[in-house]
file upload18.tsv (TSV, C-alpha atoms and all ligand atoms)
chain	number	residue	atom	x	y	z
A	1	MET	CA	-68.33	60.94	18.63
A	2	ARG	CA	-65.98	63.45	17.02
A	3	GLU	CA	-68.47	66.29	16.49
A	4	MET	CA	-70.10	66.16	19.93
A	5	PHE	CA	-69.65	69.09	22.31
A	6	TYR	CA	-71.33	70.97	25.15
A	7	ALA	CA	-72.30	74.63	25.13
A	8	ASP	CA	-73.62	77.06	27.73
A	9	ILE	CA	-76.83	78.86	26.93
A	10	LEU	CA	-76.36	82.60	27.25
A	11	GLU	CA	-79.78	83.61	25.96
A	12	ASN	CA	-82.91	81.91	24.68
A	13	LYS	CA	-85.50	84.59	24.19
A	14	LEU	CA	-88.81	84.72	22.40
A	15	LEU	CA	-88.51	86.90	19.30
A	16	LEU	CA	-92.10	86.68	18.08
A	17	GLY	CA	-94.88	84.11	17.90
A	18	GLU	CA	-93.12	80.77	18.32
A	19	VAL	CA	-89.73	81.99	17.13
A	20	TYR	CA	-86.78	81.99	19.54
A	21	ASP	CA	-83.33	83.58	19.37
A	22	MET	CA	-80.70	81.48	21.15
A	23	ARG	CA	-77.05	82.26	21.91
A	24	LEU	CA	-74.67	79.51	22.95
A	25	TYR	CA	-71.13	79.87	24.24
A	26	ALA	CA	-68.80	77.34	22.57
A	27	PRO	CA	-65.53	79.12	21.76
A	28	LYS	CA	-63.69	76.15	20.20
A	29	GLU	CA	-66.51	75.02	17.89
A	30	VAL	CA	-67.31	78.57	16.76
A	31	GLN	CA	-63.84	78.76	15.19
A	32	LYS	CA	-64.65	75.76	12.95
A	33	ALA	CA	-68.08	76.93	11.77
A	34	LYS	CA	-68.79	77.94	8.18
A	35	ALA	CA	-71.82	79.76	6.77
A	36	GLY	CA	-74.47	77.24	5.70
A	37	GLN	CA	-73.56	74.61	8.29
A	38	PHE	CA	-75.83	73.55	11.12
A	39	LEU	CA	-75.76	72.37	14.72
A	40	SER	CA	-77.85	69.50	16.04
A	41	LEU	CA	-79.13	70.06	19.59
A	42	TYR	CA	-80.08	67.35	22.06
A	43	THR	CA	-83.04	68.47	24.09
A	44	GLY	CA	-82.09	67.15	27.50
A	45	ASN	CA	-85.33	65.16	27.63
A	46	ALA	CA	-84.15	61.53	27.51
A	47	ALA	CA	-87.43	60.48	25.88
A	48	LEU	CA	-86.50	62.53	22.82
A	49	LEU	CA	-83.44	60.63	21.74
A	50	LEU	CA	-82.56	62.44	18.55
A	51	PRO	CA	-80.93	65.85	18.22
A	52	ARG	CA	-82.75	68.63	16.32
A	53	PRO	CA	-80.88	70.30	13.43
A	54	LEU	CA	-80.74	74.11	13.51
A	55	SER	CA	-78.85	76.36	11.11
A	56	ILE	CA	-76.02	78.57	12.28
A	57	CYS	CA	-77.28	82.14	12.05
A	58	ALA	CA	-74.03	83.59	13.41
A	59	ALA	CA	-70.74	82.25	14.73
A	60	ASP	CA	-68.80	85.05	16.38
A	61	THR	CA	-65.16	83.99	16.61
A	62	VAL	CA	-64.32	86.91	18.93
A	63	SER	CA	-66.96	86.25	21.61
A	64	GLY	CA	-67.11	82.47	20.98
A	65	VAL	CA	-70.89	82.62	20.62
A	66	PHE	CA	-73.19	80.79	18.23
A	67	ARG	CA	-76.59	82.24	17.38
A	68	VAL	CA	-79.46	80.06	16.19
A	69	ILE	CA	-83.02	81.13	15.48
A	70	TYR	CA	-85.72	78.52	15.55
A	71	ARG	CA	-89.45	78.03	15.48
A	72	ALA	CA	-90.88	75.83	18.22
A	73	VAL	CA	-92.99	73.55	16.00
A	74	GLY	CA	-93.00	70.21	17.79
A	75	GLU	CA	-91.91	68.31	20.84
A	76	GLY	CA	-88.17	68.73	20.38
A	77	THR	CA	-88.06	72.44	19.57
A	78	ARG	CA	-90.63	73.20	22.31
A	79	GLU	CA	-88.33	71.45	24.75
A	80	ILE	CA	-85.39	73.51	23.46
A	81	ALA	CA	-87.48	76.64	24.03
A	82	THR	CA	-87.59	75.83	27.77
A	83	LEU	CA	-83.79	76.07	28.11
A	84	LYS	CA	-82.59	78.96	30.26
A	85	PRO	CA	-79.39	81.01	30.46
A	86	GLY	CA	-76.87	78.97	32.45
A	87	ASP	CA	-78.17	75.62	31.17
A	88	ARG	CA	-75.66	73.39	29.43
A	89	VAL	CA	-76.65	71.56	26.22
A	90	ARG	CA	-75.15	68.73	24.22
A	91	LEU	CA	-74.74	69.29	20.50
A	92	LEU	CA	-73.27	67.87	17.33
A	93	GLY	CA	-71.51	70.15	14.92
A	94	PRO	CA	-70.73	72.21	13.07
A	95	LEU	CA	-72.18	69.79	10.52
A	96	GLY	CA	-72.65	69.61	6.77
A	97	SER	CA	-71.55	71.47	3.68
A	98	PHE	CA	-71.31	75.25	3.48
A	99	TYR	CA	-71.75	78.18	1.12
A	100	ARG	CA	-68.70	79.01	-0.97
A	101	VAL	CA	-67.98	82.58	-2.03
A	102	PHE	CA	-66.26	82.97	-5.39
A	103	PRO	CA	-63.89	85.94	-5.89
A	104	GLU	CA	-65.05	86.64	-9.49
A	105	HIS	CA	-68.58	87.48	-8.32
A	106	LYS	CA	-69.60	91.05	-7.46
A	107	ARG	CA	-73.42	91.05	-7.33
A	108	PHE	CA	-74.83	88.62	-4.79
A	109	ALA	CA	-78.50	87.75	-4.23
A	110	LEU	CA	-79.36	86.05	-0.93
A	111	VAL	CA	-82.90	84.70	-0.74
A	112	GLY	CA	-84.36	83.52	2.58
A	113	GLY	CA	-87.90	82.30	3.12
A	114	GLY	CA	-89.27	82.05	6.69
A	115	MET	CA	-86.89	80.08	8.87
A	116	GLY	CA	-84.54	79.93	5.87
A	117	ALA	CA	-83.50	83.50	6.67
A	118	PRO	CA	-81.14	82.76	9.63
A	119	PRO	CA	-78.37	80.91	7.68
A	120	MET	CA	-78.42	83.70	5.08
A	121	LEU	CA	-77.26	86.12	7.79
A	122	ALA	CA	-74.08	84.10	8.38
A	123	LEU	CA	-73.52	84.10	4.62
A	124	ALA	CA	-74.05	87.87	4.28
A	125	LYS	CA	-71.41	88.43	6.95
A	126	LYS	CA	-69.00	86.06	5.21
A	127	ILE	CA	-69.44	87.75	1.81
A	128	ARG	CA	-68.96	91.22	3.30
A	129	LYS	CA	-65.76	90.04	5.00
A	130	GLU	CA	-64.30	88.26	1.98
A	131	ALA	CA	-65.45	90.62	-0.79
A	132	LEU	CA	-65.49	94.17	0.55
A	133	ASP	CA	-66.71	95.64	-2.76
A	134	ALA	CA	-69.52	93.10	-3.13
A	135	HIS	CA	-73.03	94.33	-3.83
A	136	ILE	CA	-75.26	92.23	-1.59
A	137	SER	CA	-79.03	92.18	-2.09
A	138	VAL	CA	-81.08	90.25	0.44
A	139	PHE	CA	-84.62	89.09	-0.34
A	140	LEU	CA	-86.61	87.90	2.65
A	141	GLY	CA	-90.03	86.30	2.42
A	142	PHE	CA	-92.51	85.89	5.29
A	143	ARG	CA	-96.23	85.26	5.67
A	144	SER	CA	-96.88	88.72	7.14
A	145	LYS	CA	-95.13	91.65	8.80
A	146	PHE	CA	-95.79	89.98	12.14
A	147	GLN	CA	-93.39	87.19	11.16
A	148	THR	CA	-90.57	89.30	9.75
A	149	ILE	CA	-87.23	88.58	11.42
A	150	LEU	CA	-83.62	89.74	11.07
A	151	GLU	CA	-84.27	92.68	8.74
A	152	ASP	CA	-82.06	95.06	10.77
A	153	ASP	CA	-79.36	92.41	11.24
A	154	PHE	CA	-79.05	91.99	7.46
A	155	LYS	CA	-78.71	95.76	6.99
A	156	LYS	CA	-75.29	95.57	8.72
A	157	TYR	CA	-73.86	93.63	5.76
A	158	ALA	CA	-76.19	94.09	2.79
A	159	ASN	CA	-76.50	96.98	0.34
A	160	GLU	CA	-80.24	96.42	0.24
A	161	VAL	CA	-82.77	94.30	2.13
A	162	ILE	CA	-86.06	93.67	0.35
A	163	VAL	CA	-88.91	92.14	2.32
A	164	ALA	CA	-91.83	90.35	0.68
A	165	THR	CA	-94.92	89.16	2.54
A	166	ASP	CA	-97.62	86.79	1.33
A	167	ASP	CA	-100.37	89.11	2.58
A	168	GLY	CA	-98.70	92.36	1.51
A	169	THR	CA	-98.57	93.77	5.07
A	170	GLN	CA	-94.87	94.61	4.59
A	171	GLY	CA	-92.81	95.31	1.49
A	172	ILE	CA	-93.64	93.58	-1.78
A	173	LYS	CA	-96.79	91.44	-1.85
A	174	GLY	CA	-95.65	87.98	-2.84
A	175	ASN	CA	-92.74	85.70	-2.09
A	176	ALA	CA	-89.00	86.25	-1.96
A	177	VAL	CA	-88.42	84.77	-5.44
A	178	GLN	CA	-90.97	87.17	-6.94
A	179	ALA	CA	-89.13	90.02	-5.21
A	180	LEU	CA	-85.85	88.83	-6.71
A	181	ALA	CA	-87.40	88.59	-10.19
A	182	ALA	CA	-87.80	92.39	-10.29
A	183	ASP	CA	-84.00	92.66	-10.66
A	184	PRO	CA	-82.48	89.47	-12.04
A	185	ASN	CA	-79.07	91.02	-12.67
A	186	PHE	CA	-76.93	88.93	-10.30
A	187	ASP	CA	-73.69	86.96	-10.63
A	188	ILE	CA	-74.76	84.33	-8.11
A	189	ILE	CA	-77.82	83.44	-6.06
A	190	TYR	CA	-77.94	81.68	-2.69
A	191	GLY	CA	-81.13	80.46	-1.07
A	192	CYS	CA	-82.65	78.76	1.93
A	193	GLY	CA	-86.32	78.22	2.70
A	194	PRO	CA	-89.27	75.95	1.99
A	195	LYS	CA	-88.71	73.39	-0.76
A	196	ILE	CA	-91.32	74.95	-3.04
A	197	MET	CA	-89.53	78.29	-2.82
A	198	LEU	CA	-86.17	76.67	-3.58
A	199	LYS	CA	-87.64	74.85	-6.55
A	200	PHE	CA	-88.80	78.16	-8.09
A	201	LEU	CA	-85.48	79.76	-7.23
A	202	ALA	CA	-83.57	76.95	-8.96
A	203	LYS	CA	-85.76	77.30	-12.07
A	204	PHE	CA	-85.36	81.07	-12.08
A	205	ALA	CA	-81.56	80.79	-11.85
A	206	GLU	CA	-81.28	78.03	-14.44
A	207	GLU	CA	-83.35	79.96	-17.01
A	208	ARG	CA	-81.01	82.93	-16.61
A	209	GLU	CA	-77.85	80.80	-16.35
A	210	ILE	CA	-77.04	82.26	-12.94
A	211	PRO	CA	-75.15	79.92	-10.58
A	212	CYS	CA	-77.36	79.05	-7.61
A	213	TYR	CA	-76.64	77.30	-4.33
A	214	VAL	CA	-79.40	76.29	-1.96
A	215	SER	CA	-79.63	74.84	1.52
A	216	VAL	CA	-82.31	72.15	1.78
A	217	GLU	CA	-84.06	70.86	4.88
A	218	GLU	CA	-85.07	67.25	5.25
A	219	HIS	CA	-86.24	65.36	8.29
A	220	MET	CA	-83.18	64.09	10.09
A	221	ALA	CA	-82.52	61.37	12.62
A	222	CYS	CA	-78.82	60.83	13.34
A	223	SER	CA	-77.56	64.09	11.68
A	224	VAL	CA	-74.21	62.46	10.88
A	225	GLY	CA	-74.69	60.23	7.85
A	226	ALA	CA	-75.46	56.97	9.62
A	227	CYS	CA	-79.19	56.37	9.02
A	228	LEU	CA	-80.38	57.55	5.54
A	229	ALA	CA	-83.34	59.44	7.06
A	230	CYS	CA	-82.44	62.66	5.25
A	231	VAL	CA	-81.84	61.68	1.62
A	232	VAL	CA	-82.65	63.82	-1.42
A	233	LYS	CA	-82.40	62.92	-5.09
A	234	VAL	CA	-79.52	64.31	-7.13
A	235	LYS	CA	-78.95	63.98	-10.88
A	236	ASP	CA	-76.61	61.21	-11.89
A	237	GLY	CA	-76.15	61.21	-15.66
A	238	GLU	CA	-79.49	60.16	-17.17
A	239	ASN	CA	-80.54	58.77	-13.79
A	240	TRP	CA	-80.63	59.98	-10.22
A	241	ALA	CA	-79.05	58.91	-6.95
A	242	TYR	CA	-79.71	59.56	-3.27
A	243	ARG	CA	-77.50	61.89	-1.26
A	244	ARG	CA	-77.67	62.49	2.49
A	245	VAL	CA	-78.53	66.08	3.36
A	246	CYS	CA	-76.75	65.89	6.73
A	247	ASN	CA	-73.29	65.23	5.35
A	248	THR	CA	-73.35	65.90	1.57
A	249	GLY	CA	-75.67	68.89	2.15
A	250	PRO	CA	-77.45	70.87	3.37
A	251	VAL	CA	-75.90	73.18	0.73
A	252	PHE	CA	-76.14	71.90	-2.85
A	253	ASN	CA	-75.67	73.35	-6.29
A	254	ALA	CA	-79.33	73.85	-7.27
A	255	LYS	CA	-78.65	72.31	-10.70
A	256	GLU	CA	-77.63	69.00	-9.13
A	257	LEU	CA	-80.92	68.42	-7.32
A	258	VAL	CA	-83.99	66.65	-8.72
A	259	TRP	CA	-86.83	69.10	-8.09
A	260	ASP	CA	-89.84	67.50	-9.75
A	261	GLU	CA	-91.37	65.74	-6.75
B	1	LIG	C1	-80.13	71.38	8.06
B	1	LIG	C2	-81.35	71.88	8.78
B	1	LIG	C3	-81.34	73.16	9.33
B	1	LIG	C4	-82.47	73.63	10.00
B	1	LIG	N1	-82.42	74.89	10.53
B	1	LIG	C5	-83.49	75.37	11.19
B	1	LIG	C6	-83.44	76.67	11.76
B	1	LIG	O1	-82.43	77.39	11.69
B	1	LIG	N2	-84.53	77.10	12.43
B	1	LIG	C7	-85.67	76.33	12.54
B	1	LIG	O2	-86.67	76.78	13.13
B	1	LIG	N3	-85.75	75.10	12.01
B	1	LIG	C8	-84.68	74.60	11.35
B	1	LIG	N4	-84.73	73.32	10.83
B	1	LIG	C9	-85.97	72.52	11.05
B	1	LIG	C10	-85.91	71.91	12.45
B	1	LIG	O3	-84.83	71.01	12.53
B	1	LIG	C11	-87.22	71.16	12.74
B	1	LIG	O4	-88.26	72.10	12.82
B	1	LIG	C12	-87.12	70.42	14.07
B	1	LIG	O5	-86.18	69.37	13.97
B	1	LIG	C13	-88.47	69.86	14.42
B	1	LIG	O6	-88.32	69.08	15.59
B	1	LIG	P1	-89.53	68.94	16.64
B	1	LIG	O7	-89.24	67.76	17.49
B	1	LIG	O8	-89.77	70.23	17.33
B	1	LIG	O9	-90.75	68.72	15.73
B	1	LIG	P2	-91.39	67.37	15.21
B	1	LIG	O10	-92.40	66.95	16.23
B	1	LIG	O11	-90.34	66.42	14.79
B	1	LIG	O12	-92.11	67.93	13.92
B	1	LIG	C14	-92.99	69.06	14.02
B	1	LIG	C15	-93.24	69.60	12.64
B	1	LIG	O13	-92.02	70.06	12.01
B	1	LIG	C16	-91.80	69.36	10.79
B	1	LIG	N5	-90.35	69.06	10.67
B	1	LIG	C17	-89.64	68.21	11.44
B	1	LIG	N6	-88.36	68.17	11.04
B	1	LIG	C18	-88.27	69.01	9.98
B	1	LIG	C19	-87.22	69.37	9.10
B	1	LIG	N7	-85.99	68.86	9.21
B	1	LIG	N8	-87.48	70.26	8.12
B	1	LIG	C20	-88.70	70.77	7.98
B	1	LIG	N9	-89.75	70.44	8.75
B	1	LIG	C21	-89.53	69.58	9.74
B	1	LIG	C22	-92.63	68.10	10.91
B	1	LIG	O14	-93.03	67.63	9.65
B	1	LIG	C23	-93.81	68.58	11.70
B	1	LIG	O15	-94.74	69.23	10.89
B	1	LIG	C24	-83.64	72.82	10.14
B	1	LIG	C25	-83.64	71.54	9.60
B	1	LIG	C26	-82.52	71.07	8.93
B	1	LIG	C27	-82.54	69.70	8.33
B	2	LIG	S1	-79.90	62.09	9.36
B	2	LIG	FE1	-79.06	60.11	9.43
B	2	LIG	S2	-78.06	59.97	7.49
B	2	LIG	FE2	-78.73	62.04	7.56
call {"tool": "encode", "arguments": {"input": "upload18.tsv", "output": "structure tokens"}}
result
Amino acid sequence: MREMFYADILENKLLLGEVYDMRLYAPKEVQKAKAGQFLSLYTGNAALLLPRPLSICAADTVSGVFRVIYRAVGEGTREIATLKPGDRVRLLGPLGSFYRVFPEHKRFALVGGGMGAPPMLALAKKIRKEALDAHISVFLGFRSKFQTILEDDFKKYANEVIVATDDGTQGIKGNAVQALAADPNFDIIYGCGPKIMLKFLAKFAEEREIPCYVSVEEHMACSVGACLACVVKVKDGENWAYRRVCNTGPVFNAKELVWDE
């Protein structure tokens, strides 16, 4: 298959709790990657046939290294967590749609909830590179301070990084959309995180007529558009239609999606 490749694991370390930070050496594929796209990793365990989709957190074209951050939540990701530096893994990618940056925009809001934060880092880097005078505000939402990730990484590219926690142990008490609502003066909003968060983000942006692009996660099987496991509903005139997240998404214009389910 066209998108299949192998990469060498350079690092796969526990960040906190069940969250791992993995670096993979794949110099050719890194050059093709765009912020918002994902990789799908085969676990190496033949019993687990399907690859697991993970967002690209960074793709460093100089070192040829991908970074992905993932939570070990089930059989596949727990298997991935056992990989060691020097191991070789099979992947598909870079897959899917990506975040576009528009030159007319100056004030950018990036909203990441939980494991939706990692792809926002790749986007922050892209915006800083393409729009040097951009004002980038990053809103990160986590359950508690013990689950906060990537705050210092975002500070390399963002003008401000605002953390919100459900229990109030760090930053604003509440979620990332509530943190954003304190200053709704943005030209464009990008988001990734749990569906409920994205639904509120889409509503927030629509009410203020701010363009909004979100990356959605659906359960995937093939990752390449062949099985329909990953469909979401998009508006289609007065009706709706299904779109595959793995090849039409994961990044969609928030206005195109049907949110009411
Ligand atoms: C485009 C895309 C990008 C993603 N990026 C990341 C990332 O950067 N970091 C990260 O930690 N996770 C990410 N995920 C989610 C990740 O793919 C799943 O957690 C993983 O596939 C679960 O596999 P498993 O075998 O470990 O768990 P399973 O045993 O399959 O499931 C364990 C639990 O995870 C839930 N789950 C399974 N698949 C998904 C999914 N696609 N979305 C949400 N919940 C799921 C199940 O409902 C179940 O509760 C992404 C998913 C998609 C579709
Ligand atoms: S996962 Fe098979 S079509 Fe998207």
call {"tool": "residues_near_ligand", "arguments": {"input": "upload18.tsv", "ligand": "ligand LIG 1 (chain B)", "cutoff": "9 Å", "atoms": "only C-alpha atoms and all ligand atoms", "output": "ChimeraX atom specification"}}
result
/A:19-20,36-40,48,50-57,68-80,95-96,114-119,194,215-221,223,230,245-246,249-251
call {"tool": "axis_aligned_box", "arguments": {"input": "upload18.tsv", "around": "ligand LIG 2 (chain B)", "padding_each_side": "3 Å", "output": "AutoDock Vina command-line options"}}
result
--center_x -79.0 --center_y 61.0 --center_z 8.5 --size_x 7.8 --size_y 8.1 --size_z 7.9
call {"tool": "residues_around", "arguments": {"input": "upload18.tsv", "residues": "Trp240 (chain A)", "least_positions_apart": "5", "cutoff": "12 Å", "atoms": "only C-alpha atoms", "output": "ChimeraX atom specification"}}
result
/A:232-235,256-260
call {"tool": "write_last_selection", "arguments": {"input": "upload18.tsv", "atoms": "C-alpha atoms", "output": "tab-separated table (two decimals), in the coordinates of the input"}}
result
chain	number	residue	atom	x	y	z
A	232	VAL	CA	-82.65	63.82	-1.42
A	233	LYS	CA	-82.40	62.92	-5.09
A	234	VAL	CA	-79.52	64.31	-7.13
A	235	LYS	CA	-78.95	63.98	-10.88
A	256	GLU	CA	-77.63	69.00	-9.13
A	257	LEU	CA	-80.92	68.42	-7.32
A	258	VAL	CA	-83.99	66.65	-8.72
A	259	TRP	CA	-86.83	69.10	-8.09
A	260	ASP	CA	-89.84	67.50	-9.75
call {"tool": "residues_around", "arguments": {"input": "upload18.tsv", "residues": "Lys145 (chain A)", "least_positions_apart": "6", "cutoff": "8 Å", "atoms": "all atoms listed in the file", "output": "ChimeraX atom specification"}}
result
/A:165,169-170
call {"tool": "residues_near_point", "arguments": {"input": "upload18.tsv", "point": "(-90.9, 95.8, -0.4)", "cutoff": "7 Å", "atoms": "all atoms listed in the file", "output": "PyMOL selection string"}}
result
chain A and resi 162-164+170-172
call {"tool": "atom_distance", "arguments": {"input": "upload18.tsv", "atom1": "CA of Gly168 (chain A)", "atom2": "CA of Ser144 (chain A)"}}
result
6.9 Å
call {"tool": "residues_around", "arguments": {"input": "upload18.tsv", "residues": "Tyr213 (chain A)", "least_positions_apart": "6", "cutoff": "6 Å", "atoms": "all atoms listed in the file", "output": "ChimeraX atom specification"}}
result
/A:190,252-254
call {"tool": "residues_near_point", "arguments": {"input": "upload18.tsv", "point": "(-80.7, 81.0, -10.8)", "cutoff": "10 Å", "atoms": "all atoms listed in the file", "output": "list of chain:residue names"}}
result
A:Ala109, A:Pro184, A:Phe186, A:Asp187, A:Ile188, A:Ile189, A:Tyr190, A:Gly191, A:Phe200, A:Leu201, A:Ala202, A:Lys203, A:Phe204, A:Ala205, A:Glu206, A:Glu207, A:Arg208, A:Glu209, A:Ile210, A:Pro211, A:Cys212, A:Tyr213, A:Ala254, A:Lys255
call {"tool": "residues_around", "arguments": {"input": "upload18.tsv", "residues": "Lys156 (chain A)", "least_positions_apart": "6", "cutoff": "10 Å", "atoms": "all atoms listed in the file", "output": "VMD selection string"}}
result
chain A and resid 121 124 to 125 128
call {"tool": "closest_residue", "arguments": {"input": "upload18.tsv", "among": "A:Tyr99, A:Phe146, A:Phe154, A:Phe66", "to": "Glu18 (chain A)", "atoms": "all atoms listed in the file"}}
result
A:Phe146
call {"tool": "closest_residue", "arguments": {"input": "upload18.tsv", "among": "A:Arg67, A:Arg88, A:Arg143, A:Lys34", "to": "Asn175 (chain A)", "atoms": "only C-alpha atoms"}}
result
A:Arg143
call {"tool": "closest_residue", "arguments": {"input": "upload18.tsv", "among": "A:Leu10, A:Ala81, A:Leu92, A:Ala158", "to": "ligand LIG 2 (chain B)", "atoms": "all atoms listed in the file"}}
result
A:Leu92
call {"tool": "closest_residue", "arguments": {"input": "upload18.tsv", "among": "A:Val30, A:Ile127, A:Gly93, A:Ile149", "to": "Leu15 (chain A)", "atoms": "only C-alpha atoms"}}
result
A:Ile149
call {"tool": "atom_distance", "arguments": {"input": "upload18.tsv", "atom1": "CA of Val231 (chain A)", "atom2": "CA of Met4 (chain A)"}}
result
22.2 Å
call {"tool": "residues_around", "arguments": {"input": "upload18.tsv", "residues": "Gly64 (chain A)", "least_positions_apart": "5", "cutoff": "12 Å", "atoms": "only C-alpha atoms", "output": "mmCIF file with C-alpha atoms, in the frame of the given file"}}
result
data_model
loop_
_atom_site.group_PDB
_atom_site.id
_atom_site.type_symbol
_atom_site.label_atom_id
_atom_site.label_comp_id
_atom_site.auth_asym_id
_atom_site.auth_seq_id
_atom_site.Cartn_x
_atom_site.Cartn_y
_atom_site.Cartn_z
ATOM 1 C CA ALA A 7 -72.300 74.630 25.130
ATOM 2 C CA ASP A 8 -73.620 77.060 27.730
ATOM 3 C CA ILE A 9 -76.830 78.860 26.930
ATOM 4 C CA LEU A 10 -76.360 82.600 27.250
ATOM 5 C CA ARG A 23 -77.050 82.260 21.910
ATOM 6 C CA LEU A 24 -74.670 79.510 22.950
ATOM 7 C CA TYR A 25 -71.130 79.870 24.240
ATOM 8 C CA ALA A 26 -68.800 77.340 22.570
ATOM 9 C CA PRO A 27 -65.530 79.120 21.760
ATOM 10 C CA LYS A 28 -63.690 76.150 20.200
ATOM 11 C CA GLU A 29 -66.510 75.020 17.890
ATOM 12 C CA VAL A 30 -67.310 78.570 16.760
ATOM 13 C CA GLN A 31 -63.840 78.760 15.190
ATOM 14 C CA LYS A 32 -64.650 75.760 12.950
ATOM 15 C CA ALA A 33 -68.080 76.930 11.770
ATOM 16 C CA ALA A 58 -74.030 83.590 13.410
ATOM 17 C CA ALA A 59 -70.740 82.250 14.730
#
call {"tool": "closest_residue", "arguments": {"input": "upload18.tsv", "among": "A:Cys192, A:Met22, A:Leu14, A:Leu228", "to": "Leu110 (chain A)", "atoms": "all atoms listed in the file"}}
result
A:Cys192
call {"tool": "closest_residue", "arguments": {"input": "upload18.tsv", "among": "A:Val224, A:Ala134, A:Asp236, A:Leu16", "to": "ligand LIG 2 (chain B)", "atoms": "only C-alpha atoms and all ligand atoms"}}
result
A:Val224
call {"tool": "atom_distance", "arguments": {"input": "upload18.tsv", "atom1": "CA of Asp183 (chain A)", "atom2": "CA of Arg100 (chain A)"}}
result
22.7 Å
call {"tool": "decode", "arguments": {"input": "upload18.tsv", "residues": "region 141-157 of chain A", "atoms": "N, CA and C atoms", "output": "PDB file, in the first residue's frame"}}
result
ATOM      1  N   GLY A 141      -7.090  22.170  27.955  1.00  0.00           N
ATOM      2  CA  GLY A 141      -7.967  21.695  29.025  1.00  0.00           C
ATOM      3  C   GLY A 141      -7.603  20.284  29.458  1.00  0.00           C
ATOM      4  N   PHE A 142      -7.508  20.086  30.783  1.00  0.00           N
ATOM      5  CA  PHE A 142      -7.195  18.754  31.336  1.00  0.00           C
ATOM      6  C   PHE A 142      -8.058  18.516  32.570  1.00  0.00           C
ATOM      7  N   ARG A 143      -8.098  17.256  33.012  1.00  0.00           N
ATOM      8  CA  ARG A 143      -8.895  16.972  34.214  1.00  0.00           C
ATOM      9  C   ARG A 143      -8.292  17.635  35.441  1.00  0.00           C
ATOM     10  N   SER A 144      -6.949  17.543  35.578  1.00  0.00           N
ATOM     11  CA  SER A 144      -6.293  18.139  36.742  1.00  0.00           C
ATOM     12  C   SER A 144      -4.860  18.493  36.370  1.00  0.00           C
ATOM     13  N   LYS A 145      -4.160  19.146  37.279  1.00  0.00           N
ATOM     14  CA  LYS A 145      -2.764  19.528  37.001  1.00  0.00           C
ATOM     15  C   LYS A 145      -1.870  18.300  36.797  1.00  0.00           C
ATOM     16  N   PHE A 146      -2.324  17.169  37.322  1.00  0.00           N
ATOM     17  CA  PHE A 146      -1.520  15.951  37.185  1.00  0.00           C
ATOM     18  C   PHE A 146      -1.618  15.371  35.768  1.00  0.00           C
ATOM     19  N   GLN A 147      -2.503  15.919  34.961  1.00  0.00           N
ATOM     20  CA  GLN A 147      -2.640  15.426  33.584  1.00  0.00           C
ATOM     21  C   GLN A 147      -2.223  16.456  32.543  1.00  0.00           C
ATOM     22  N   THR A 148      -1.699  17.581  33.006  1.00  0.00           N
ATOM     23  CA  THR A 148      -1.296  18.641  32.073  1.00  0.00           C
ATOM     24  C   THR A 148      -0.059  18.214  31.285  1.00  0.00           C
ATOM     25  N   ILE A 149      -0.147  18.352  29.973  1.00  0.00           N
ATOM     26  CA  ILE A 149       1.005  18.016  29.121  1.00  0.00           C
ATOM     27  C   ILE A 149       1.284  19.170  28.152  1.00  0.00           C
ATOM     28  N   LEU A 150       2.512  19.249  27.716  1.00  0.00           N
ATOM     29  CA  LEU A 150       2.955  20.097  26.603  1.00  0.00           C
ATOM     30  C   LEU A 150       2.925  21.604  26.850  1.00  0.00           C
ATOM     31  N   GLU A 151       2.644  22.038  28.071  1.00  0.00           N
ATOM     32  CA  GLU A 151       2.532  23.476  28.318  1.00  0.00           C
ATOM     33  C   GLU A 151       3.818  24.210  27.888  1.00  0.00           C
ATOM     34  N   ASP A 152       4.974  23.690  28.296  1.00  0.00           N
ATOM     35  CA  ASP A 152       6.235  24.369  27.952  1.00  0.00           C
ATOM     36  C   ASP A 152       6.538  24.283  26.461  1.00  0.00           C
ATOM     37  N   ASP A 153       6.149  23.191  25.821  1.00  0.00           N
ATOM     38  CA  ASP A 153       6.369  23.063  24.379  1.00  0.00           C
ATOM     39  C   ASP A 153       5.585  24.138  23.615  1.00  0.00           C
ATOM     40  N   PHE A 154       4.354  24.387  24.042  1.00  0.00           N
ATOM     41  CA  PHE A 154       3.540  25.403  23.364  1.00  0.00           C
ATOM     42  C   PHE A 154       4.135  26.800  23.538  1.00  0.00           C
ATOM     43  N   LYS A 155       4.797  27.035  24.668  1.00  0.00           N
ATOM     44  CA  LYS A 155       5.337  28.379  24.934  1.00  0.00           C
ATOM     45  C   LYS A 155       6.403  28.775  23.910  1.00  0.00           C
ATOM     46  N   LYS A 156       6.992  27.789  23.220  1.00  0.00           N
ATOM     47  CA  LYS A 156       8.003  28.098  22.189  1.00  0.00           C
ATOM     48  C   LYS A 156       7.386  28.848  21.015  1.00  0.00           C
ATOM     49  N   TYR A 157       6.099  28.620  20.763  1.00  0.00           N
ATOM     50  CA  TYR A 157       5.466  29.197  19.562  1.00  0.00           C
ATOM     51  C   TYR A 157       4.354  30.185  19.881  1.00  0.00           C
TER      52      TYR A 157
END
